Amino acid sequence: MHSPIAATRPRSIVSRETTARSGRSCLAQIFCIANQKGGVGKTTTSVNLAAALAGVGQRVLLIDMDPQGNATMGSGIDKHKLQSSVYQVLIGESDIPDARRRAEKSGYDVLGANRELAGAEVELVDQSQRERRLKAALATVDADYDFVLIDSPPALGLLTLNGLCAAHGVIVPMQCEYFALEGLSDLVNTIKQVHANLNRDLRIIGLLRVMFDPRITLQQQVSDQIKSHFGDKVFNTVIPRNVRLAEAPSYGQPGVVFDPSSRGARAFVDFAREMVDRLGSAPVAAA
């Protein structure tokens with residue numbers, strides 16, 4: 001498996017020349033994992049997709065844009081010991097090559113977050129280009145990665161807006177429940193507004209059904225409605241409700257690494273392969 005980290009260096013630093021020689025694209029594909037509804041599995045999706053993509057040979061950076069720092073801790077990095085984080089990057093005190101850390105067991109890089117990040121909402125409010133701070137920072141490492149995944153908080157504040165402005169597309173994890181459909185409508189409208197006013201590159205990549213239990217009739221019905229309404233914008237892969245995925249964060253690992261044989265882990269690997277195949281063969285869905 002290709003590793004984005006040189007054996008003699010603590011963090012992955014891949015030059016543009018190396019990237020060109022290897023035949024890889026010089027620009028990373030940047031995706032925001034977003035849903036304005038809380039508790040829908042955004043962080044679980046982010047860390048497991050990062051690990052699964054790394055497992056199929058992709059170079060991945062995971063950016064934690066949530067002050068709770070769950071994606072950071074779930075990747076095995078102690079958020080309390082971060083000397084530089086996404087907060088310092090956003091306010092201009094650091095850059096991504098200095099702030100990123102390696103999730104050694106999982107094979108991807110992490111730009112971590114902790115409670116300091118909550119202050120960025122206030123500190124950036126009077127700054128110019130405040131919505132594009134993350135985009136500007138990512139321009140310095142676009143040759144280092146194949147995929148950049150942004151785990152966003154469950155609210156449309158300045159942090160989520162930075163993620164949407166930096167991204168080429170949005171992956172929407174959602175549960176197959178009635179209220180999830182209402183929240184999805186709000187999110188699609190938000191993406192349309194950002195697309196129209198701030199980021200013309202922004203698209204919906206697809207909807208990912210998560211925490212799915214086929215024994216529940218309502219979930220089957222909502223899943224059918226989603227497929228009927230959104231068609232090929234819905235990923236074929238379905239992530240089942242799985243205890244091992246829920247246990248993994250307490251061990252500081254994605255479920256894909258913690259128990260690769262579990263149903264949830266295998267589903268995320270299937271999802272990573274589907275996403276790579278989809279992006280390689282067709283344009284992303286328009287917002």
# chains A, B, ... in the order shown; residues from 1 in each chain; ligands from 1
>>> residues_around(residues="Ala50 in chain A", least_positions_apart="4", cutoff="8 Å", atoms="only C-alpha atoms", output="number ranges by chain")
A: 46, 54, 60-62, 108, 149
>>> residues_around(residues="Leu184 in chain A", least_positions_apart="4", cutoff="10 Å", atoms="only C-alpha atoms", output="number ranges by chain")
A: 35-37, 172-174, 179-180, 188-190, 207
>>> select_by_dssp(residues="range 76-263 of chain A", states="strand (DSSP E)", output="ChimeraX atom specification")
/A:101-103,108-111,147-151,169-174,203-212,234-240
>>> write_last_selection(atoms="N, CA and C atoms", output="compact mmCIF listing (two decimals), in the first residue's frame")
# COMPACT_ATOMS: atom_id res chain seq x y z
N ARG A 101 -0.88 15.99 11.90
CA ARG A 101 -0.29 14.87 12.62
C ARG A 101 -0.65 13.56 11.92
N ARG A 102 0.11 12.54 12.19
CA ARG A 102 -0.08 11.26 11.54
C ARG A 102 -0.91 10.32 12.41
N ALA A 103 -2.00 9.77 11.88
CA ALA A 103 -2.73 8.70 12.53
C ALA A 103 -2.03 7.39 12.15
N TYR A 108 -3.47 7.73 7.65
CA TYR A 108 -3.81 9.04 7.08
C TYR A 108 -3.33 10.15 8.01
N ASP A 109 -3.33 11.37 7.47
CA ASP A 109 -2.93 12.54 8.24
C ASP A 109 -4.15 13.24 8.81
N VAL A 110 -3.95 13.95 9.93
CA VAL A 110 -5.04 14.63 10.62
C VAL A 110 -4.65 16.06 10.93
N LEU A 111 -5.52 16.99 10.57
CA LEU A 111 -5.41 18.37 11.05
C LEU A 111 -6.44 18.47 12.17
N PHE A 147 -7.20 12.74 -1.40
CA PHE A 147 -8.47 13.13 -0.81
C PHE A 147 -8.24 13.95 0.45
N VAL A 148 -9.02 15.02 0.59
CA VAL A 148 -9.10 15.76 1.84
C VAL A 148 -10.53 15.68 2.32
N LEU A 149 -10.74 15.17 3.53
CA LEU A 149 -12.08 15.04 4.11
C LEU A 149 -12.22 16.02 5.26
N ILE A 150 -13.30 16.78 5.28
CA ILE A 150 -13.53 17.79 6.30
C ILE A 150 -14.73 17.37 7.15
N ASP A 151 -14.49 17.10 8.42
CA ASP A 151 -15.57 16.75 9.35
C ASP A 151 -16.13 18.04 9.94
N GLY A 169 -17.00 19.17 -3.07
CA GLY A 169 -18.27 18.47 -2.97
C GLY A 169 -18.63 18.15 -1.54
N VAL A 170 -19.89 17.76 -1.35
CA VAL A 170 -20.42 17.45 -0.03
C VAL A 170 -20.90 16.00 -0.01
N ILE A 171 -20.49 15.27 1.00
CA ILE A 171 -21.01 13.93 1.25
C ILE A 171 -21.95 14.05 2.44
N VAL A 172 -23.18 13.59 2.28
CA VAL A 172 -24.19 13.77 3.32
C VAL A 172 -24.54 12.43 3.96
N PRO A 173 -24.04 12.17 5.18
CA PRO A 173 -24.48 10.98 5.89
C PRO A 173 -25.85 11.24 6.52
N MET A 174 -26.74 10.29 6.41
CA MET A 174 -28.08 10.50 6.97
C MET A 174 -28.70 9.18 7.40
N ARG A 203 -20.52 20.96 -5.07
CA ARG A 203 -21.53 20.04 -5.57
C ARG A 203 -21.90 19.04 -4.48
N ILE A 204 -23.05 18.42 -4.65
CA ILE A 204 -23.40 17.28 -3.80
C ILE A 204 -22.82 16.03 -4.44
N ILE A 205 -21.91 15.37 -3.72
CA ILE A 205 -21.33 14.13 -4.24
C ILE A 205 -22.34 13.00 -4.11
N GLY A 206 -22.96 12.90 -2.95
CA GLY A 206 -23.94 11.84 -2.77
C GLY A 206 -24.43 11.74 -1.34
N LEU A 207 -25.49 10.99 -1.17
CA LEU A 207 -26.08 10.74 0.15
C LEU A 207 -25.70 9.34 0.61
N LEU A 208 -25.25 9.25 1.85
CA LEU A 208 -24.83 7.97 2.40
C LEU A 208 -25.78 7.57 3.53
N ARG A 209 -26.44 6.45 3.36
CA ARG A 209 -27.35 5.96 4.40
C ARG A 209 -26.54 5.24 5.47
N VAL A 210 -26.67 5.72 6.71
CA VAL A 210 -25.86 5.20 7.81
C VAL A 210 -26.76 4.71 8.95
N MET A 211 -26.15 3.91 9.85
CA MET A 211 -26.86 3.36 11.02
C MET A 211 -28.16 2.69 10.58
N PHE A 212 -28.07 1.95 9.51
CA PHE A 212 -29.26 1.36 8.89
C PHE A 212 -29.58 0.00 9.50
N VAL A 234 -27.65 8.93 -4.56
CA VAL A 234 -27.57 8.10 -3.36
C VAL A 234 -26.53 7.00 -3.59
N PHE A 235 -25.57 6.90 -2.68
CA PHE A 235 -24.58 5.83 -2.80
C PHE A 235 -25.26 4.47 -2.65
N ASN A 236 -24.78 3.50 -3.40
CA ASN A 236 -25.32 2.14 -3.30
C ASN A 236 -24.98 1.49 -1.97
N THR A 237 -23.81 1.81 -1.45
CA THR A 237 -23.38 1.24 -0.18
C THR A 237 -24.24 1.77 0.96
N VAL A 238 -24.63 0.89 1.85
CA VAL A 238 -25.39 1.25 3.04
C VAL A 238 -24.58 0.84 4.27
N ILE A 239 -24.40 1.76 5.21
CA ILE A 239 -23.64 1.46 6.42
C ILE A 239 -24.60 0.95 7.50
N PRO A 240 -24.43 -0.29 7.95
CA PRO A 240 -25.38 -0.84 8.93
C PRO A 240 -25.10 -0.31 10.34
>>> closest_atom_pairs(of="range 94-136 of chain A", to="range 81-87 of chain A", cutoff="10 Å", atoms="only C-alpha atoms", output="Markdown table")
| residue | atom | partner | partner_atom | distance |
| --- | --- | --- | --- | --- |
| A:Ser94 | CA | A:Ser84 | CA | 6.9 |
| A:Asp95 | CA | A:Val86 | CA | 8.6 |
| A:Ile96 | CA | A:Val86 | CA | 7.8 |
| A:Asp98 | CA | A:Ser84 | CA | 7.4 |
| A:Ala99 | CA | A:Ser84 | CA | 4.9 |
| A:Arg100 | CA | A:Ser85 | CA | 7.3 |
| A:Arg101 | CA | A:Leu82 | CA | 9.0 |
| A:Val110 | CA | A:Ser85 | CA | 9.4 |
| A:Leu111 | CA | A:Val86 | CA | 5.9 |
| A:Gly112 | CA | A:Ser85 | CA | 5.2 |
| A:Ala113 | CA | A:Ser85 | CA | 5.5 |
| A:Asn114 | CA | A:Ser85 | CA | 7.6 |
| A:Arg115 | CA | A:Tyr87 | CA | 9.1 |
| A:Glu116 | CA | A:Tyr87 | CA | 6.5 |
| A:Leu117 | CA | A:Tyr87 | CA | 4.9 |
| A:Ala118 | CA | A:Tyr87 | CA | 8.4 |
| A:Gly119 | CA | A:Tyr87 | CA | 8.2 |
| A:Ala120 | CA | A:Tyr87 | CA | 6.5 |
| A:Glu121 | CA | A:Tyr87 | CA | 9.9 |
| A:Leu134 | CA | A:Val86 | CA | 8.6 |
>>> residues_around(residues="Gly255 in chain A", least_positions_apart="6", cutoff="8 Å", atoms="only C-alpha atoms", output="list in words")
Asn48, Arg244, Leu245, Ala246, Glu247, Ala248, Pro249, Gly264 and Ala265 of chain A
>>> closest_residue(among="A:Ala137, A:Cys165, A:Leu53, A:Val125", to="Met275 in chain A", atoms="only C-alpha atoms")
A:Leu53
>>> atom_distance(atom1="CA of Gly76 in chain A", atom2="CA of Gly38 in chain A")
22.5 Å
>>> atom_distance(atom1="CA of Gln129 in chain A", atom2="CA of Leu90 in chain A")
10.9 Å
>>> select_by_dssp(residues="range 112-234 of chain A", states="alpha helix (DSSP H)", output="JSON, numbers by chain")
{"A": [120, 121, 122, 123, 133, 134, 135, 136, 137, 138, 158, 159, 160, 161, 162, 163, 164, 165, 166, 178, 179, 180, 181, 182, 183, 184, 185, 186, 187, 188, 189, 190, 191, 192, 193, 194, 195, 196, 197, 217, 218, 219, 220, 221, 222, 223, 224, 225, 226, 227, 228, 229, 230]}
>>> closest_residue(among="A:Leu181, A:Ile33, A:Val269, A:Leu202", to="His229 in chain A", atoms="only C-alpha atoms")
A:Leu181
>>> atom_distance(atom1="CA of Lys42 in chain A", atom2="CA of Phe271 in chain A")
14.4 Å
>>> closest_residue(among="A:Phe230, A:Ala34, A:Ala139, A:Pro154", to="Gln68 in chain A", atoms="only C-alpha atoms")
A:Pro154
>>> residues_around(residues="Ala167 in chain A", least_positions_apart="5", cutoff="6 Å", atoms="only C-alpha atoms", output="ChimeraX atom specification")
/A:30-32
>>> closest_residue(among="A:Gln193, A:Asn70, A:Asn199, A:Ser106", to="Phe258 in chain A", atoms="only C-alpha atoms")
A:Ser106
